[in-house]
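Since the structure comes first, as structure tokens, the remarks are kept for the end.
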Amino acid sequence: MATINYLVKGTKGYSNVLLRFKNGRKFDYTASTDLKVLPNHWSQAKQKVKNTNDAAYKDEVNQHLFELENFIITEFNSDNSKGVYIDRDWLKSKIANHFNRPVNDDAIDQVFFLPFVERFIELAPSRIIKGKNKPVSSGTITKYTTTKNKIIEYEKKFKTKLKFTDLNLTFYDRFVNYLTQEQKINLGTVGNYIGTIKTMARDAKLQGLPVHEHINHPKFFAPKVKADSIYLKDSEINKIYNHDYKGVERLENARDLFIIGLRTGLRISDFLRLKATNIKEGFIEIETQKTGQNVVIPMHPQVKEILEKHNGFPRKISDQKFNLHIKDVCEEAGFKQEIEGAMINPKTKRKEKGIYPMHKLVTSHICRRSFASNLYGKLPNMVIMAITGHQTEAQFLKYIKITPKENAKTLQEFWLKQNKENNIEKVNMKVAK
């Protein structure tokens with residue numbers, strides 16, 4: 001029969017309460033609970049701290065001992081029935097788990113969240129993503145690292161060290177409020193941090209670590225904000241393509257790279273690294289850097305003309321220079337109208353909504369968004385998704401930037417065309433009589 005007894009050794013000063021766990025003749029193990037009591041306050045017969053006025057800690061310690069005994073017996077019944085080997089290390093581990101503390105200094109990442117996050121990031125380059133058979137991308141690791149930095153800032157602000165058991169709705173509310181109210185971070189970015197925390201915490205949970213159950217609560221969600229990104233219509237792309245930049249090589253080169261991005265639907269990380277080997281029988285073929293997908297894109301006439309002009313692809317430039325130059329490209333082409341959007345405030349380093357000249361809102365993201373939006377409704381969604389790389393139609397529909405009025409006009413044009421065809425049919429029927 002399994003029994004638990006508490007022992008207090010020593011006669012002076014605060015002493016550890018020891019837990020003795022015995023199961024007949026099968027085993028007899030003793031481990032420290034790390035709870036401290038004065039020996040003269042301890043009742044060995046009653047197995048608890050005496051009810052004396054000078055033992056102010058009696059109720060708290062006695063409650064801990066009662067709960068620990070129940071926990072050890074419950075864990076023993078569960079593990080013993082599964083064939084888990086019960087030894088002194090098992091007992092020490094269970095006591096540590098109950099009090100939510102590491103068994104030793106080497107196991108600190110089994111209790112505290114930040115050390116686990118650091119370990120999670122350290123192992124990320126060797127972690128293979130299911131379905132892609134590739135390790136975690138450098139961009140994803142950067143996302144992990146920025147989230148880690150926010151956790152560090154949070155712990156410093158609130159003078160705390162987050163444990164897995166702290167990842168509850170109270171932490172969620174405080175973390176979101178800290179980022180939005182004190183750091184003035186937009187809700188969409190906060191949602192990215194929350195999503196990353198959930199990813200890491202769920203991984204910890206799979207490893208059997210004591211993550212709070214609230215991590216999967218519906219209220220522990222990653223806020224999402226509809227992007228204010230703009231897109232260029234086909235006529236606007238043609239305007240840029242045909243604009244005379246008067247021999248300014250910087251603008252002409254950036255314009256040609258911009259057109260390639262707009263007409264291929266590729267991410268900047270992909271279209272800026274295109275080379276001759278990616279052209280096969282009149283198609284552009286490339287394995288995308290972010291998702292590892294192999295995509296095949298037919299060559300748009302404008303892209304063909306650009307390649308012929310340069311006798312290959314335009315001169316390569318950095319992502320940063322591309323994003324700077326295409327603003328000038330659009331400004332020179334006349335896209336100066338004031339529209340609603342969001343821009344990074346150089347003083348606060350935060351994205352702020354407002355009314356800005358259109359050319360200032362242009363970034364590399366406009367390429368894929370314009371490609372998808374211009375083809376939407378003209379080709380089956382699955383055909384467009386095969387090129388843009390969206391995994392689900394729901395993701396694709398959130399990505400495109402067609403306004404309700406534009407959808408209404410499309411329907412109006414369809415009805416006009418349908419009505420015209422029906423009238424022709426009626427006239428033909430009259431002639432046949």
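Ordering of the structure tokens sets the chain letters (A, B, ...); residue numbers start at 1 within each chain; ligands are numbered from 1 in the order shown.
Selecting strand (DSSP E) from the backbone DSSP output for region 222-427 of chain A yields Ile279, Lys280, Phe283, Ile284, Glu285, Ile286, Glu287, Asn294, Val295, Val296, Ile297, Pro298, Glu338, Ile339, Glu340, Gly341, Ala342, Met343, Ile344, Asn345, Arg350, Lys351, Glu352, Lys353, Gly354, Ile355, Tyr356 and Pro357 of chain A.
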Could you pull the residues within 10 Å of Gln44 (chain A), counting only C-alpha atoms, minus those fewer than 6 positions along the same chain, as a PDB file with N, CA and C atoms, in the first residue's frame?
```
ATOM      1  N   ASN A   5       4.304  10.193   4.252  1.00  0.00           N
ATOM      2  CA  ASN A   5       4.518  10.783   5.567  1.00  0.00           C
ATOM      3  C   ASN A   5       5.461  11.966   5.414  1.00  0.00           C
ATOM      4  N   TYR A   6       5.272  12.975   6.270  1.00  0.00           N
ATOM      5  CA  TYR A   6       6.147  14.131   6.281  1.00  0.00           C
ATOM      6  C   TYR A   6       7.064  14.071   7.496  1.00  0.00           C
ATOM      7  N   LEU A   7       8.313  14.484   7.287  1.00  0.00           N
ATOM      8  CA  LEU A   7       9.310  14.452   8.354  1.00  0.00           C
ATOM      9  C   LEU A   7       9.982  15.815   8.461  1.00  0.00           C
ATOM     10  N   VAL A   8      10.335  16.207   9.661  1.00  0.00           N
ATOM     11  CA  VAL A   8      11.104  17.433   9.887  1.00  0.00           C
ATOM     12  C   VAL A   8      12.294  17.073  10.763  1.00  0.00           C
ATOM     13  N   LYS A  50       1.668  22.910  13.993  1.00  0.00           N
ATOM     14  CA  LYS A  50       0.773  23.056  15.133  1.00  0.00           C
ATOM     15  C   LYS A  50      -0.031  24.360  15.047  1.00  0.00           C
TER      16      LYS A  50
END
```
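Candidate residues A:Ala386, A:Leu123, A:Val190, A:Leu206 were compared for distance to Phe175 (chain A), and the nearest is A:Val190, using only C-alpha atoms.
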Sorted by chain and rising residue number, list the residues of region 341-401 of chain A at most 10 Å from region 303-325 of chain A (counting only C-alpha atoms), each with its closest atom pair and distance in Å to one decimal, as a Markdown table.
```
| residue | atom | partner | partner_atom | distance |
| --- | --- | --- | --- | --- |
| A:Lys360 | CA | A:Leu324 | CA | 9.3 |
| A:Val362 | CA | A:Asn323 | CA | 7.7 |
| A:Thr363 | CA | A:Asn323 | CA | 5.4 |
| A:Ser364 | CA | A:Asn323 | CA | 6.1 |
| A:His365 | CA | A:Asn323 | CA | 9.5 |
```
Can you pull out the residues contacting Ala372 (chain A)? Cut-off 9 Å, using only C-alpha atoms, and skip same-chain residues under 2 positions away; I want them as a CSV table (one decimal) with N, CA and C atoms, in the first residue's frame.
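That gives us out-v7.csv:
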```csv
chain,number,residue,atom,x,y,z
A,265,GLY,N,3.0,38.3,-59.7
A,265,GLY,CA,2.4,37.9,-58.4
A,265,GLY,C,3.3,37.3,-57.4
A,367,CYS,N,2.5,44.4,-55.2
A,367,CYS,CA,2.7,43.6,-56.4
A,367,CYS,C,1.8,42.4,-56.4
A,368,ARG,N,1.9,41.5,-55.4
A,368,ARG,CA,1.0,40.3,-55.3
A,368,ARG,C,-0.5,40.7,-55.1
A,369,ARG,N,-0.7,41.8,-54.3
A,369,ARG,CA,-2.1,42.1,-54.1
A,369,ARG,C,-2.8,42.6,-55.4
A,370,SER,N,-2.0,43.4,-56.2
A,370,SER,CA,-2.5,43.9,-57.5
A,370,SER,C,-2.8,42.7,-58.5
A,374,ASN,N,-6.5,42.0,-59.7
A,374,ASN,CA,-6.9,42.3,-61.1
A,374,ASN,C,-7.4,41.1,-61.9
A,375,LEU,N,-7.0,39.9,-61.4
A,375,LEU,CA,-7.4,38.7,-62.1
A,375,LEU,C,-8.7,38.1,-61.4
A,376,TYR,N,-9.0,38.6,-60.2
A,376,TYR,CA,-10.2,38.0,-59.5
A,376,TYR,C,-11.4,38.3,-60.3
A,384,ILE,N,-5.6,31.3,-59.9
A,384,ILE,CA,-4.8,32.4,-59.4
A,384,ILE,C,-4.1,32.0,-58.2
A,385,MET,N,-4.7,31.2,-57.3
A,385,MET,CA,-4.1,30.7,-56.1
A,385,MET,C,-2.9,29.8,-56.4
A,388,THR,N,-0.2,32.6,-56.8
A,388,THR,CA,0.0,33.4,-55.6
A,388,THR,C,0.5,32.5,-54.4
A,396,PHE,N,-7.1,33.6,-49.7
A,396,PHE,CA,-7.0,34.3,-50.9
A,396,PHE,C,-8.0,35.5,-50.9
A,399,TYR,N,-7.1,38.4,-49.0
A,399,TYR,CA,-5.9,39.1,-49.6
A,399,TYR,C,-6.2,40.1,-50.7
A,400,ILE,N,-7.2,39.8,-51.5
A,400,ILE,CA,-7.5,40.6,-52.6
A,400,ILE,C,-8.2,41.9,-52.1
A,401,LYS,N,-8.1,43.0,-52.9
A,401,LYS,CA,-8.5,44.3,-52.5
A,401,LYS,C,-9.6,44.8,-53.5
```
Rank A:Ser78, A:Thr288, A:Ile185, A:Tyr14 by their smallest atom-to-atom distance to Lys134 (chain A), using only C-alpha atoms, and report the top residue only. A:Thr288
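The space separating CA of Pro135 (chain A) from CA of Glu287 (chain A) comes to 14.6 Å.
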Would you mind listing what lies within 9 Å of Val211 (chain A) as a PyMOL selection string, with only C-alpha atoms counted and same-chain residues fewer than 5 positions away left out? chain A and resi 111+163-168+201-202+204-205
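Coordinates place CA of Ser93 (chain A) at a distance of 12.7 Å from CA of Asp79 (chain A).
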What is the distance between CA of Thr348 (chain A) and CA of Thr189 (chain A), in Å to one decimal? 14.9 Å
Could you pull the residues within 12 Å of Gly195 (chain A), counting only C-alpha atoms, minus those fewer than 2 positions along the same chain, as an NGL selection string? :A and (143-144 or 147 or 172 or 176 or 188-193 or 197-202 or 215-216 or 220-224)
Write out as a VMD selection string which residues come within 7 Å of Tyr29 (chain A) when counting only C-alpha atoms, dropping same-chain ones fewer than 6 positions away. chain A and resid 20 to 22 88
Selected residues, C-alpha atoms, written as a CSV table (one decimal), in the first residue's frame, please.
```csv
chain,number,residue,atom,x,y,z
A,20,ARG,CA,8.6,10.0,2.5
A,21,PHE,CA,6.8,8.0,-0.1
A,22,LYS,CA,6.6,4.3,0.6
A,88,ARG,CA,13.4,8.9,-6.3
```
Can you tell me which residues surround Arg263 (chain A) at a distance of at most 8 Å, considering only C-alpha atoms, apart from same-chain residues fewer than 3 positions away, and format the answer as a PDB file with N, CA and C atoms, in the first residue's frame?
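Saved result, part20.pdb, follows:
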```
ATOM      1  N   ILE A 259       7.295  46.227 -62.532  1.00  0.00           N
ATOM      2  CA  ILE A 259       6.379  45.600 -63.491  1.00  0.00           C
ATOM      3  C   ILE A 259       6.484  44.077 -63.403  1.00  0.00           C
ATOM      4  N   ILE A 260       7.694  43.571 -63.257  1.00  0.00           N
ATOM      5  CA  ILE A 260       7.871  42.115 -63.126  1.00  0.00           C
ATOM      6  C   ILE A 260       7.139  41.608 -61.884  1.00  0.00           C
ATOM      7  N   HIS A 300       4.072  37.405 -69.038  1.00  0.00           N
ATOM      8  CA  HIS A 300       3.237  38.516 -69.495  1.00  0.00           C
ATOM      9  C   HIS A 300       3.981  39.265 -70.602  1.00  0.00           C
ATOM     10  N   GLN A 302       4.439  42.351 -71.186  1.00  0.00           N
ATOM     11  CA  GLN A 302       5.282  43.434 -70.668  1.00  0.00           C
ATOM     12  C   GLN A 302       6.576  42.885 -70.063  1.00  0.00           C
ATOM     13  N   VAL A 303       6.494  41.743 -69.417  1.00  0.00           N
ATOM     14  CA  VAL A 303       7.693  41.118 -68.846  1.00  0.00           C
ATOM     15  C   VAL A 303       8.624  40.668 -69.972  1.00  0.00           C
ATOM     16  N   CYS A 367       2.510  44.425 -55.183  1.00  0.00           N
ATOM     17  CA  CYS A 367       2.686  43.595 -56.384  1.00  0.00           C
ATOM     18  C   CYS A 367       1.751  42.382 -56.380  1.00  0.00           C
ATOM     19  N   PHE A 371      -1.793  41.824 -58.513  1.00  0.00           N
ATOM     20  CA  PHE A 371      -1.882  40.666 -59.401  1.00  0.00           C
ATOM     21  C   PHE A 371      -3.161  39.872 -59.115  1.00  0.00           C
TER      22      PHE A 371
END
```
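Across A:Asn238, A:His359, A:Ala276, A:Tyr178, the tightest approach to Lys156 (chain A) is made by A:Tyr178 when counting only C-alpha atoms.
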